[in-house]
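Chemist: Let me give you the structure first, and then I'll get to my questions.
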Amino acid sequence: MAGYIGILVSDPWLQNQFTQVELRSLKSQFHTMRRESGPLTLADLPAKMSKLKVVGENLTEEERDSFLKSNYENLNDQVDFELFLRVYLKLHTHASSKMGSPAKNSSAFLKAATTTLLHTISESEKASYVSHINNYLGEDKFLKQYLPIDPSTNDLFEIVKDGVLLCKLINVAVPGTIDERAINMKRMLNPWERNENHTLCFNSAKAIGCTLVNIGTQDFIEGRRHLVLGLIAQIIKIQLLADLNLKKTPQLVELVDSSEDAEELMSLPPEKILLRWMNFQLKKAGYRKVITNFSSDIKDAEAYAHLLNVLAPEHINPQTLKAKDPLQRAKLVLEHADKMGCKRYLTAKDIVEGSPNLNLAFVAHIFQHRNGLSTQVKDISFLEVSPDDAQVSREERAFRFWLNSLGNSTSIDNVFEDLRDGWILLETLDKISPGIVNWKIASKPPIKMPFKKVENCNQAIKLGKQLKFSLVNIAGNDIVQGNKKLILAYLWQLMRCNMMQLLRNLRFHSHGKEINDGDILEWANNLVKNSRGQSRMSSFKDKSLSDGMFFLELLSAVQPRVVNWSLVTKGVSDEEKKMNASYIISIARKLGCSIFLLPEDITEVNQKMILTLTASIMYWFLNQPVDDKSSSSSDSENGSQSETLSNSTLDDAASESSLE
């Protein structure tokens, strides 16, 4: 598909204005317009473009018509796809200038590089991220042949095209996310191997919390600069903020006065905790302003001067606070940071210009290097984690990342806190079953009146029952109150419903059969058996699954070349089981499965996550072209279920989806 689009859009500049997903969407809408009325002319477009986002929503038909008349001499000219895209770009720019610039989120890294126009990149950010990569990956055995990267060039965007650097960077941010045995690493990769690396990177990035909406692996293969930089920014942010929680840094308990406050602190996103820590230290210095963001509030560099004076008084320079010029003060702040041994993520100019990404990175690095908190930790027995709490934490993480992968209006940081107004649940329900939500009675955040939150959550419960969720003794108020057990129960059924809906869309139409857990189990067992595998799964809680052998045989059955059996362990010891589990997750993501489980979910046989893994592999397999599936199941017996599925007709509408 991507190659086909590339042929349709012969102008490289024009192609670079869009992601592959956006091009596919616009191409589909263009062909729909032509099917409805035959060949298009420029005069047809003002009316036809009414359904396009931004252009249709923010300009009236009269405004679109007037704009085209003032920009094109002959409105009777026929419109091909490239001209359609050029008109769309011009109208989009016109609409954007009419609306004004959108407000910036000053406290967060780029959450999703989804804008379609004006794809500029910050040279300062690029230089900072290149420095970070050189520092953390410079000694990597494979990458050192390409590093260090010169930040003054665009070499970064060439090096990322094989996917190896991005995979390695994910492992720096969250060690162990990708089993490096699954990365294709050699000097010259063929297009298939390169695509596998990017698919592995893409699904692994989502699994650590990156928000990737309206972006495809082809965008990274082509080295689209704004998208590559947006992903790198998110990965580095996750790395730098990794210690900003009470589990990793129990000394943070010094910021609160009671266990109730500590519970609240634990529910905050890392950047909010970083702001609280910064204000805590500034209060010690007698600094009266409260810092609420990493942009405008620190442009004058005064807060930085006070912060570093508290953390490293041995390097105080009296001239810093006396300086009248903010730029000069910022330079002195960075000299102070250097003496502390903190690597710079920004320049003095970045401070006074209020670059939110780089200032956040700088403050996070200061926290990592010297947080100034007491080494005498208070009694934090209420933070001790039981096995049940660890399981809850893992499930919360999986559901959170899954919800964020769906492209809802807001990215959530904690399901127990951020779902309490019911809005994200309603958005998710509407994605799973379009049209099911009655938006007329729903209240959009921010919601001040508690009963409006209850109304939203009551509708979510009602719709869950409509979708046949088991919701005995669960009311909307339980979600508003943040009842962890009930929220997790609801989210599991929501995720499972999404999986079944996607599989149902791929059902073989000759039978028209609804798919349930038993069908998934039977499909997996038949495929392994017919490919001469030795394993069998009696249920999704079968303890024999802990060694990983069944899933390795299943993955080998759906794609024989994906498993390198020389890298597989016997799965006898706990360490061997974990190695197999890690390899399974990485090669499943490398195939294209969007999964959010951890190795422990396999070794401990977490029934829910085992089902999601199996269903994801099944969905990927059924979504492949018929020829590919026939070859991968060539050993199947006549009349077997896998052969029946291989020759099934797939629903085209689902081919653009992924099992999130």
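The way I read the labels, and the way they are meant: chains A, B, ... in the order of the structure tokens, residue 1 as the first residue of every chain, and ligand 1 as the first ligand shown, with later ones counted on from there.
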Tell me, as a list of chain:residue names, which residues lie within 8 Å of segment 562-571 of chain A, counting only C-alpha atoms; anything in the same chain fewer than 6 positions away does not count.
Modeler: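 Using only C-alpha atoms, the neighbours found are A:Arg181, A:Asp547, A:Gly548, A:Met549, A:Leu552, A:Leu555, A:Ser556, A:Lys577, A:Met579, A:Asn580, A:Ile587, A:Leu591.
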Chemist: Fewer than 3 positions away in the same chain doesn't count, so skip those; otherwise give me all residues within 12 Å of Leu471 of chain A, counting only C-alpha atoms, as a PyMOL selection string.
Modeler: chain A and resi 458+460-468+474-476+478+486-494
Chemist: Write the residues you've just listed into a file as a compact mmCIF listing (two decimals), in the first residue's frame, and include N, CA and C atoms for each of them.
Modeler:
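Result file follows (part_21.txt):
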```
# COMPACT_ATOMS: atom_id res chain seq x y z
N ASN A 458 -22.19 6.03 34.57
CA ASN A 458 -23.41 5.20 34.50
C ASN A 458 -23.69 4.79 33.05
N ALA A 460 -21.40 4.45 30.77
CA ALA A 460 -20.37 3.45 30.44
C ALA A 460 -20.77 2.07 30.94
N ILE A 461 -21.34 2.01 32.14
CA ILE A 461 -21.80 0.73 32.71
C ILE A 461 -22.97 0.18 31.89
N LYS A 462 -23.91 1.05 31.56
CA LYS A 462 -25.08 0.64 30.78
C LYS A 462 -24.66 0.07 29.42
N LEU A 463 -23.71 0.75 28.77
CA LEU A 463 -23.25 0.29 27.45
C LEU A 463 -22.45 -1.00 27.57
N GLY A 464 -21.72 -1.15 28.69
CA GLY A 464 -21.00 -2.40 28.94
C GLY A 464 -21.97 -3.57 29.01
N LYS A 465 -23.07 -3.37 29.69
CA LYS A 465 -24.09 -4.44 29.78
C LYS A 465 -24.68 -4.74 28.41
N GLN A 466 -24.85 -3.68 27.59
CA GLN A 466 -25.34 -3.86 26.22
C GLN A 466 -24.39 -4.76 25.42
N LEU A 467 -23.10 -4.61 25.71
CA LEU A 467 -22.08 -5.39 25.01
C LEU A 467 -21.82 -6.73 25.71
N LYS A 468 -22.71 -7.06 26.67
CA LYS A 468 -22.68 -8.36 27.37
C LYS A 468 -21.49 -8.50 28.32
N ILE A 474 -21.77 -3.60 39.95
CA ILE A 474 -20.90 -2.48 39.59
C ILE A 474 -21.77 -1.32 39.15
N ALA A 475 -21.54 -0.16 39.75
CA ALA A 475 -22.29 1.04 39.38
C ALA A 475 -21.30 2.12 38.93
N GLY A 476 -21.82 3.14 38.26
CA GLY A 476 -20.97 4.23 37.78
C GLY A 476 -20.19 4.88 38.89
N ASP A 478 -18.79 3.54 41.37
CA ASP A 478 -17.58 2.77 41.71
C ASP A 478 -16.38 3.27 40.90
N LEU A 486 -12.82 -3.07 40.57
CA LEU A 486 -13.93 -2.99 39.62
C LEU A 486 -13.52 -2.30 38.32
N ILE A 487 -12.64 -1.30 38.42
CA ILE A 487 -12.16 -0.62 37.21
C ILE A 487 -11.36 -1.60 36.35
N LEU A 488 -10.49 -2.40 36.98
CA LEU A 488 -9.71 -3.38 36.23
C LEU A 488 -10.62 -4.43 35.59
N ALA A 489 -11.67 -4.84 36.32
CA ALA A 489 -12.61 -5.83 35.77
C ALA A 489 -13.32 -5.27 34.53
N TYR A 490 -13.70 -4.00 34.61
CA TYR A 490 -14.38 -3.36 33.47
C TYR A 490 -13.42 -3.24 32.28
N LEU A 491 -12.19 -2.78 32.55
CA LEU A 491 -11.22 -2.57 31.48
C LEU A 491 -10.85 -3.88 30.79
N TRP A 492 -10.74 -4.97 31.58
CA TRP A 492 -10.42 -6.25 30.96
C TRP A 492 -11.51 -6.64 29.96
N GLN A 493 -12.77 -6.46 30.36
CA GLN A 493 -13.87 -6.83 29.46
C GLN A 493 -13.93 -5.89 28.24
N LEU A 494 -13.52 -4.64 28.45
CA LEU A 494 -13.47 -3.69 27.34
C LEU A 494 -12.39 -4.09 26.33
```
Chemist: Write down as a ChimeraX atom specification the residues of segment 385-538 of chain A whose backbone DSSP state falls under helix (DSSP H, G or I).
Modeler: /A:387-405,415-418,423-432,439-441,450-466,476-480,484-505,517-530
Chemist: Which residues of segment 469-545 of chain A have any atom within 6 Å of an atom in segment 413-430 of chain A when counting only C-alpha atoms, and what is the closest pair of atoms for each, with the distance in Å to one decimal? Order the rows by chain and rising number and write it as JSON lines.
Modeler:
```
{"residue": "A:Ile479", "atom": "CA", "partner": "A:Arg420", "partner_atom": "CA", "distance": 5.5}
{"residue": "A:Val480", "atom": "CA", "partner": "A:Arg420", "partner_atom": "CA", "distance": 4.3}
{"residue": "A:Gly482", "atom": "CA", "partner": "A:Phe416", "partner_atom": "CA", "distance": 5.2}
```
Chemist: I need the residues from that last selection saved to file as a JSON list (two decimals), in the first residue's frame (with all heavy atoms), if you can.
Modeler:
```json
[["chain", "number", "residue", "atom", "x", "y", "z"],
["A", 479, "ILE", "N", -16.65, 3.64, 39.64],
["A", 479, "ILE", "CA", -15.57, 4.17, 38.80],
["A", 479, "ILE", "C", -15.19, 5.57, 39.27],
["A", 479, "ILE", "O", -14.01, 5.91, 39.38],
["A", 479, "ILE", "CB", -16.00, 4.19, 37.31],
["A", 479, "ILE", "CG1", -16.27, 2.76, 36.83],
["A", 479, "ILE", "CG2", -14.93, 4.85, 36.45],
["A", 479, "ILE", "CD1", -16.86, 2.67, 35.44],
["A", 480, "VAL", "N", -16.20, 6.39, 39.58],
["A", 480, "VAL", "CA", -15.94, 7.75, 40.07],
["A", 480, "VAL", "C", -15.12, 7.71, 41.35],
["A", 480, "VAL", "O", -14.22, 8.53, 41.56],
["A", 480, "VAL", "CB", -17.28, 8.51, 40.31],
["A", 480, "VAL", "CG1", -17.00, 9.89, 40.92],
["A", 480, "VAL", "CG2", -18.05, 8.65, 39.00],
["A", 482, "GLY", "N", -12.96, 5.49, 42.10],
["A", 482, "GLY", "CA", -11.64, 4.91, 41.84],
["A", 482, "GLY", "C", -11.46, 3.51, 42.40],
["A", 482, "GLY", "O", -10.35, 3.13, 42.80]]
```
Chemist: Would you pick out the contacts of Val256 of chain A at 12 Å or less, using only C-alpha atoms, so that residues sharing its chain but fewer than 4 positions from it are not included, and give the list as a VMD selection string?
Modeler: chain A and resid 246 250 to 252 260 to 266 273 276 to 277 280 378 380
Chemist: Between A:Leu311, A:Leu156, A:Ala615, A:Leu166, single out the one closest to Glu123 of chain A, counting only C-alpha atoms.
Modeler: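 Answer, going by the shortest atom-to-atom distance: A:Leu156.
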Chemist: Give me the residues within 9 Å of Asp162 of chain A as a list in words, counting only C-alpha atoms and dropping any in the same chain fewer than 4 places off.
Modeler: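 Those residues are Glu158, Leu166, Asn184, Met185, Met188, Leu189, Pro191, Glu193, Arg194, Asn195, Asn197, His198, Phe220 and Ile221 of chain A.
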Chemist: Report, in Å to a single decimal, how far apart atom CA of Val174 of chain A and atom CA of Thr375 of chain A are.
Modeler: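 Atom CA of Val174 of chain A lies 25.4 Å from atom CA of Thr375 of chain A.
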Chemist: Might you pull out every residue within 9 Å of segment 325-340 of chain A, with only C-alpha atoms counted and same-chain residues fewer than 5 positions away left off, and present them as a list in words?
Modeler: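 Listing them by chain and then by number gives Lys299, Asp300, Ala301, Glu302, Tyr304, Ala305, Leu308, Asn309, Ala312, His315, Ile316, Asn317, Gln319, Thr320, Leu346, Thr347, Ala348, Lys349, Ile351, Val352, Ile366, His369 and Arg370 of chain A.
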Chemist: Go through A:Leu52, A:Ile149, A:Ile121, A:Cys497 one by one, measure the shortest atom-to-atom distance of each to Leu89 of chain A using only C-alpha atoms, and give the residue with the smallest value.
Modeler: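 Ranked by minimum distance to Leu89 of chain A, first place goes to A:Leu52.
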Chemist: Do you have the atom CA of Asp243 of chain A-atom CA of Phe401 of chain A distance handy?
Modeler: 18.7 Å
Chemist: I need the residue nearest Ala242 of chain A from this list: A:Ala205, A:Ala182, A:Cys167, A:Ala364. Use only C-alpha atoms for the distance.
Modeler: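 Looking at the shortest contact to Ala242 of chain A, the residue is A:Ala364.
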Chemist: Given only C-alpha atoms as the basis, pick out the residue of A:Asn190, A:Thr211, A:Ser122, A:Asn516 nearest to Asn408 of chain A.
Modeler: A:Thr211
